[in-house]
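As stored in work-v6.cif (mmCIF, C-alpha atoms):
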data_entry
#
loop_
_atom_site.group_PDB
_atom_site.id
_atom_site.type_symbol
_atom_site.label_atom_id
_atom_site.label_comp_id
_atom_site.auth_asym_id
_atom_site.auth_seq_id
_atom_site.Cartn_x
_atom_site.Cartn_y
_atom_site.Cartn_z
ATOM 1 C CA LEU A 1 -1.959 20.450 -1.404
ATOM 2 C CA MET A 2 -2.173 22.753 -4.400
ATOM 3 C CA GLU A 3 -5.786 23.602 -3.553
ATOM 4 C CA ARG A 4 -4.541 24.713 -0.128
ATOM 5 C CA GLY A 5 -2.000 27.065 -1.721
ATOM 6 C CA LEU A 6 1.138 24.966 -1.506
ATOM 7 C CA ARG A 7 3.442 24.905 -4.516
ATOM 8 C CA ILE A 8 4.372 21.509 -5.903
ATOM 9 C CA VAL A 9 7.782 22.287 -7.366
ATOM 10 C CA SER A 10 7.224 20.332 -10.589
ATOM 11 C CA GLY A 11 3.769 21.887 -11.011
ATOM 12 C CA GLY A 12 2.126 18.522 -10.361
ATOM 13 C CA THR A 13 3.016 14.884 -10.010
ATOM 14 C CA ASP A 14 4.173 12.431 -12.661
ATOM 15 C CA ASN A 15 5.140 9.653 -10.272
ATOM 16 C CA HIS A 16 4.787 8.650 -6.627
ATOM 17 C CA LEU A 17 6.926 11.549 -5.342
ATOM 18 C CA CYS A 18 6.266 15.234 -4.978
ATOM 19 C CA LEU A 19 8.424 18.071 -3.755
ATOM 20 C CA VAL A 20 6.544 20.768 -1.839
ATOM 21 C CA ASP A 21 7.925 24.292 -1.404
ATOM 22 C CA VAL A 22 7.273 25.213 2.243
ATOM 23 C CA ASN A 23 9.158 28.505 2.094
ATOM 24 C CA SER A 24 5.920 30.294 1.160
ATOM 25 C CA ARG A 25 4.628 29.345 4.631
ATOM 26 C CA GLY A 26 7.702 30.902 6.221
ATOM 27 C CA LEU A 27 9.009 27.452 7.068
ATOM 28 C CA SER A 28 12.253 25.672 6.458
ATOM 29 C CA GLY A 29 12.119 22.114 5.214
ATOM 30 C CA GLN A 30 13.582 21.058 8.557
ATOM 31 C CA LYS A 31 10.778 22.756 10.530
ATOM 32 C CA ALA A 32 8.151 21.278 8.200
ATOM 33 C CA GLU A 33 9.700 17.805 8.501
ATOM 34 C CA ASP A 34 9.830 18.015 12.289
ATOM 35 C CA SER A 35 6.233 19.289 12.510
ATOM 36 C CA LEU A 36 4.904 16.539 10.242
ATOM 37 C CA HIS A 37 6.916 13.829 12.006
ATOM 38 C CA ALA A 38 5.415 14.986 15.319
ATOM 39 C CA VAL A 39 1.958 13.959 14.024
ATOM 40 C CA ASP A 40 3.258 10.705 12.487
ATOM 41 C CA ILE A 41 3.349 11.879 8.870
ATOM 42 C CA THR A 42 6.658 10.885 7.318
ATOM 43 C CA CYS A 43 8.492 13.153 4.898
ATOM 44 C CA ASN A 44 12.022 14.361 4.213
ATOM 45 C CA LYS A 45 13.339 17.891 4.076
ATOM 46 C CA ASN A 46 14.646 18.512 0.595
ATOM 47 C CA LEU A 47 16.294 21.289 -1.362
ATOM 48 C CA ILE A 48 14.168 22.886 -4.061
ATOM 49 C CA PRO A 49 15.601 24.315 -7.299
ATOM 50 C CA TYR A 50 17.542 27.546 -6.643
ATOM 51 C CA ASP A 51 17.137 27.029 -2.900
ATOM 52 C CA GLN A 52 18.532 29.897 -0.837
ATOM 53 C CA ARG A 53 18.717 27.799 2.340
ATOM 54 C CA PRO A 54 21.574 25.443 3.233
ATOM 55 C CA PRO A 55 21.017 21.707 2.618
ATOM 56 C CA MET A 56 20.512 20.853 6.298
ATOM 57 C CA GLU A 57 17.713 23.420 6.493
ATOM 58 C CA ALA A 58 16.253 23.320 2.941
ATOM 59 C CA SER A 59 13.063 24.962 1.675
ATOM 60 C CA GLY A 60 11.048 21.921 0.721
ATOM 61 C CA VAL A 61 9.741 18.567 1.808
ATOM 62 C CA ARG A 62 9.562 15.442 -0.288
ATOM 63 C CA LEU A 63 6.430 13.326 0.023
ATOM 64 C CA GLY A 64 5.855 9.903 -1.463
ATOM 65 C CA THR A 65 2.826 7.691 -1.823
ATOM 66 C CA ALA A 66 4.456 4.234 -1.687
ATOM 67 C CA ALA A 67 3.760 3.659 2.009
ATOM 68 C CA VAL A 68 0.185 4.924 1.928
ATOM 69 C CA THR A 69 -0.767 2.923 -1.150
ATOM 70 C CA THR A 70 0.768 -0.158 0.488
ATOM 71 C CA ARG A 71 -1.653 0.454 3.366
ATOM 72 C CA GLY A 72 -4.540 0.560 0.896
ATOM 73 C CA LEU A 73 -5.356 4.269 1.028
ATOM 74 C CA GLU A 74 -7.347 5.499 -1.935
ATOM 75 C CA GLU A 75 -7.930 8.850 -3.647
ATOM 76 C CA GLU A 76 -10.399 10.096 -1.022
ATOM 77 C CA ASP A 77 -7.922 9.199 1.729
ATOM 78 C CA MET A 78 -5.179 11.087 -0.108
ATOM 79 C CA CYS A 79 -7.309 14.252 -0.042
ATOM 80 C CA ILE A 80 -7.690 13.866 3.713
ATOM 81 C CA LEU A 81 -3.951 13.302 4.099
ATOM 82 C CA GLY A 82 -3.215 16.359 1.966
ATOM 83 C CA ASN A 83 -5.454 18.480 4.176
ATOM 84 C CA TRP A 84 -3.697 17.216 7.307
ATOM 85 C CA ILE A 85 -0.337 18.148 5.801
ATOM 86 C CA ALA A 86 -1.629 21.602 4.879
ATOM 87 C CA ASP A 87 -3.145 22.062 8.355
ATOM 88 C CA ILE A 88 0.222 21.341 9.981
ATOM 89 C CA LEU A 89 2.191 23.513 7.573
ATOM 90 C CA GLU A 90 -0.208 26.411 8.139
ATOM 91 C CA ALA A 91 0.060 26.149 11.946
ATOM 92 C CA PRO A 92 3.218 24.187 12.813
ATOM 93 C CA ASP A 93 3.320 25.415 16.412
ATOM 94 C CA ASP A 94 -0.396 25.044 17.192
ATOM 95 C CA GLU A 95 -0.631 22.203 19.698
ATOM 96 C CA GLY A 96 -4.390 21.901 19.236
ATOM 97 C CA VAL A 97 -4.041 21.353 15.492
ATOM 98 C CA ALA A 98 -1.197 18.895 16.060
ATOM 99 C CA LYS A 99 -3.195 16.901 18.624
ATOM 100 C CA ARG A 100 -6.234 16.706 16.317
ATOM 101 C CA VAL A 101 -4.212 15.687 13.261
ATOM 102 C CA LYS A 102 -2.173 13.115 15.186
ATOM 103 C CA GLY A 103 -5.373 11.519 16.480
ATOM 104 C CA GLU A 104 -6.932 11.424 13.015
ATOM 105 C CA VAL A 105 -3.721 9.961 11.537
ATOM 106 C CA ALA A 106 -3.772 7.254 14.229
ATOM 107 C CA GLU A 107 -7.379 6.404 13.405
ATOM 108 C CA MET A 108 -6.665 6.127 9.678
ATOM 109 C CA THR A 109 -3.604 3.940 10.268
ATOM 110 C CA ARG A 110 -5.699 1.659 12.499
ATOM 111 C CA ARG A 111 -8.211 1.267 9.663
ATOM 112 C CA HIS A 112 -5.386 0.635 7.177
ATOM 113 C CA PRO A 113 -2.698 -1.452 8.903
ATOM 114 C CA ILE A 114 0.592 -2.199 7.167
ATOM 115 C CA TYR A 115 0.175 -5.929 7.647
ATOM 116 C CA VAL A 116 -3.180 -7.636 7.579
#
Would you put the structure from the file into structure tokens?
Amino acid sequence: LMERGLRIVSGGTDNHLCLVDVNSRGLSGQKAEDSLHAVDITCNKNLIPYDQRPPMEASGVRLGTAAVTTRGLEEEDMCILGNWIADILEAPDDEGVAKRVKGEVAEMTRRHPIYV
């Protein structure tokens, strides 16, 4: 995500969670959450430090790795996932991008089911 120009609020990750500032993309956390949910990527809108937006709108999204590591995704898969997230945040209203990402997410989840 950082390589794609998104700011991780803590400057990096020390645990399984990261808080991404989406305000730099002109998005609210709510819009980012809705756009990512539409392609089956789960996140939560979240306030960032010194957030100027109200809590129900927010300027960030919180992402966690617990569910994807449970599925068996590895470092290479995480890079792919990060690029999908960046693709959606760069073009949240582009139906072509959303359709492509949703299809690729579906394929990855088929290869890595929750229960085997």
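Put simply, atom CA of A:Val97 is 24.1 Å away from atom CA of A:Asn46.
The space between atom CA of A:Asn44 and atom CA of A:Gln30 spans 8.1 Å.
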May I have the residues within 12 Å of A:Met2 as a list of chain:residue names, using all atoms listed in the file and disregarding those fewer than 6 positions away in the same chain?
-> A:Ile8, A:Val9, A:Ser10, A:Gly11, A:Gly12, A:Thr13, A:Cys18, A:Leu19, A:Val20, A:Asp21, A:Val22, A:Cys79, A:Gly82, A:Asn83, A:Ile85, A:Ala86
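Selection result for the displayed file, with the PyMOL selection byres ((chain A and resi 115) around 12) as criterion, is A:Ala67, A:Thr70, A:Arg71, A:Gly72, A:Thr109, A:Arg110, A:Arg111, A:His112, A:Pro113, A:Ile114, A:Val116.
Take atom CA of A:Val39 and atom CA of A:Ala91: the distance between them is 12.5 Å.
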Edge lengths and centre in Å, axis-aligned, stretch 68-72 of chain A plus 5 Å each side, as JSON:
{"center_x": -1.9, "center_y": 2.4, "center_z": 1.1, "size_x": 15.3, "size_y": 15.1, "size_z": 14.5}
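Candidate residues A:Leu81, A:Leu36, A:Ala58, A:Val68 were compared for distance to A:Asn23, and the nearest is A:Ala58, using all atoms listed in the file.
The smallest atom-to-atom distance between A:Pro55 and any of A:Val101, A:Ser28, A:Leu89, A:Leu17, using all atoms listed in the file, is found for A:Ser28.
The residues returned by the PyMOL selection byres ((chain A and resi 45) around 8) on the shown structure are Gly29, Gln30, Ala32, Glu33, Cys43, Asn44, Asn46, Leu47, Glu57, Ala58, Ser59, Gly60, Val61 and Arg62 of chain A.
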Find, counting all atoms listed in the file, the residue in A:Asp51, A:Glu104, A:Asp34, A:Asp14 that gets nearest to A:Ile80.
-> A:Glu104
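Proximity of A:Pro54, A:Gly64, A:Pro49, A:Gly5 to A:Glu90, computed with all atoms listed in the file, is greatest for A:Gly5.
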May I ask you to restore N, CA, C and O atoms in stretch 12-37 of chain A and write the result as a CSV table (one decimal), in the frame of the given file?
chain,number,residue,atom,x,y,z
A,12,GLY,N,3.1,19.6,-10.5
A,12,GLY,CA,2.1,18.5,-10.4
A,12,GLY,C,2.9,17.3,-10.0
A,12,GLY,O,4.1,17.4,-9.6
A,13,THR,N,2.3,16.1,-10.3
A,13,THR,CA,3.0,14.9,-10.0
A,13,THR,C,3.0,14.0,-11.2
A,13,THR,O,1.9,13.8,-11.9
A,14,ASP,N,4.1,13.4,-11.6
A,14,ASP,CA,4.2,12.4,-12.7
A,14,ASP,C,4.5,11.0,-12.1
A,14,ASP,O,4.4,10.1,-12.9
A,15,ASN,N,4.8,11.0,-10.9
A,15,ASN,CA,5.1,9.7,-10.3
A,15,ASN,C,4.7,9.7,-8.8
A,15,ASN,O,3.9,10.5,-8.4
A,16,HIS,N,5.2,8.8,-8.0
A,16,HIS,CA,4.8,8.6,-6.6
A,16,HIS,C,5.4,9.7,-5.7
A,16,HIS,O,5.1,9.7,-4.5
A,17,LEU,N,6.3,10.6,-6.2
A,17,LEU,CA,6.9,11.5,-5.3
A,17,LEU,C,6.5,13.0,-5.7
A,17,LEU,O,6.2,13.3,-6.8
A,18,CYS,N,6.5,13.8,-4.7
A,18,CYS,CA,6.3,15.2,-5.0
A,18,CYS,C,7.1,16.0,-4.0
A,18,CYS,O,7.4,15.6,-2.9
A,19,LEU,N,7.6,17.2,-4.5
A,19,LEU,CA,8.4,18.1,-3.8
A,19,LEU,C,7.6,19.3,-3.5
A,19,LEU,O,7.1,20.0,-4.4
A,20,VAL,N,7.4,19.6,-2.2
A,20,VAL,CA,6.5,20.8,-1.8
A,20,VAL,C,7.4,21.9,-1.3
A,20,VAL,O,8.2,21.7,-0.4
A,21,ASP,N,7.2,23.1,-1.9
A,21,ASP,CA,7.9,24.3,-1.4
A,21,ASP,C,7.2,24.8,-0.2
A,21,ASP,O,6.1,25.2,-0.2
A,22,VAL,N,7.9,24.7,1.0
A,22,VAL,CA,7.3,25.2,2.2
A,22,VAL,C,7.7,26.6,2.6
A,22,VAL,O,7.3,27.2,3.6
A,23,ASN,N,8.6,27.2,1.8
A,23,ASN,CA,9.2,28.5,2.1
A,23,ASN,C,8.1,29.6,2.1
A,23,ASN,O,8.1,30.5,2.8
A,24,SER,N,7.0,29.3,1.2
A,24,SER,CA,5.9,30.3,1.2
A,24,SER,C,5.1,30.4,2.5
A,24,SER,O,4.4,31.3,2.7
A,25,ARG,N,5.3,29.4,3.3
A,25,ARG,CA,4.6,29.3,4.6
A,25,ARG,C,5.6,29.9,5.7
A,25,ARG,O,5.3,29.8,6.9
A,26,GLY,N,6.7,30.4,5.3
A,26,GLY,CA,7.7,30.9,6.2
A,26,GLY,C,8.4,29.8,7.0
A,26,GLY,O,9.0,30.0,8.0
A,27,LEU,N,8.4,28.6,6.4
A,27,LEU,CA,9.0,27.5,7.1
A,27,LEU,C,10.3,27.0,6.3
A,27,LEU,O,10.4,27.1,5.1
A,28,SER,N,11.2,26.4,7.1
A,28,SER,CA,12.3,25.7,6.5
A,28,SER,C,11.8,24.2,6.2
A,28,SER,O,10.8,23.8,6.9
A,29,GLY,N,12.4,23.5,5.4
A,29,GLY,CA,12.1,22.1,5.2
A,29,GLY,C,12.3,21.3,6.5
A,29,GLY,O,11.6,20.4,6.8
A,30,GLN,N,13.3,21.7,7.3
A,30,GLN,CA,13.6,21.1,8.6
A,30,GLN,C,12.4,21.3,9.5
A,30,GLN,O,12.0,20.3,10.1
A,31,LYS,N,11.9,22.5,9.6
A,31,LYS,CA,10.8,22.8,10.5
A,31,LYS,C,9.5,22.0,10.0
A,31,LYS,O,8.8,21.4,10.9
A,32,ALA,N,9.3,22.0,8.7
A,32,ALA,CA,8.2,21.3,8.2
A,32,ALA,C,8.3,19.8,8.5
A,32,ALA,O,7.3,19.1,8.9
A,33,GLU,N,9.5,19.2,8.2
A,33,GLU,CA,9.7,17.8,8.5
A,33,GLU,C,9.4,17.5,10.0
A,33,GLU,O,8.7,16.5,10.3
A,34,ASP,N,10.0,18.3,10.9
A,34,ASP,CA,9.8,18.0,12.3
A,34,ASP,C,8.4,18.1,12.7
A,34,ASP,O,7.9,17.3,13.5
A,35,SER,N,7.7,19.1,12.2
A,35,SER,CA,6.2,19.3,12.5
A,35,SER,C,5.4,18.1,12.0
A,35,SER,O,4.5,17.7,12.7
A,36,LEU,N,5.7,17.7,10.8
A,36,LEU,CA,4.9,16.5,10.2
A,36,LEU,C,5.3,15.2,11.0
A,36,LEU,O,4.4,14.4,11.2
A,37,HIS,N,6.5,15.0,11.3
A,37,HIS,CA,6.9,13.8,12.0
A,37,HIS,C,6.2,13.8,13.4
A,37,HIS,O,5.9,12.7,13.8
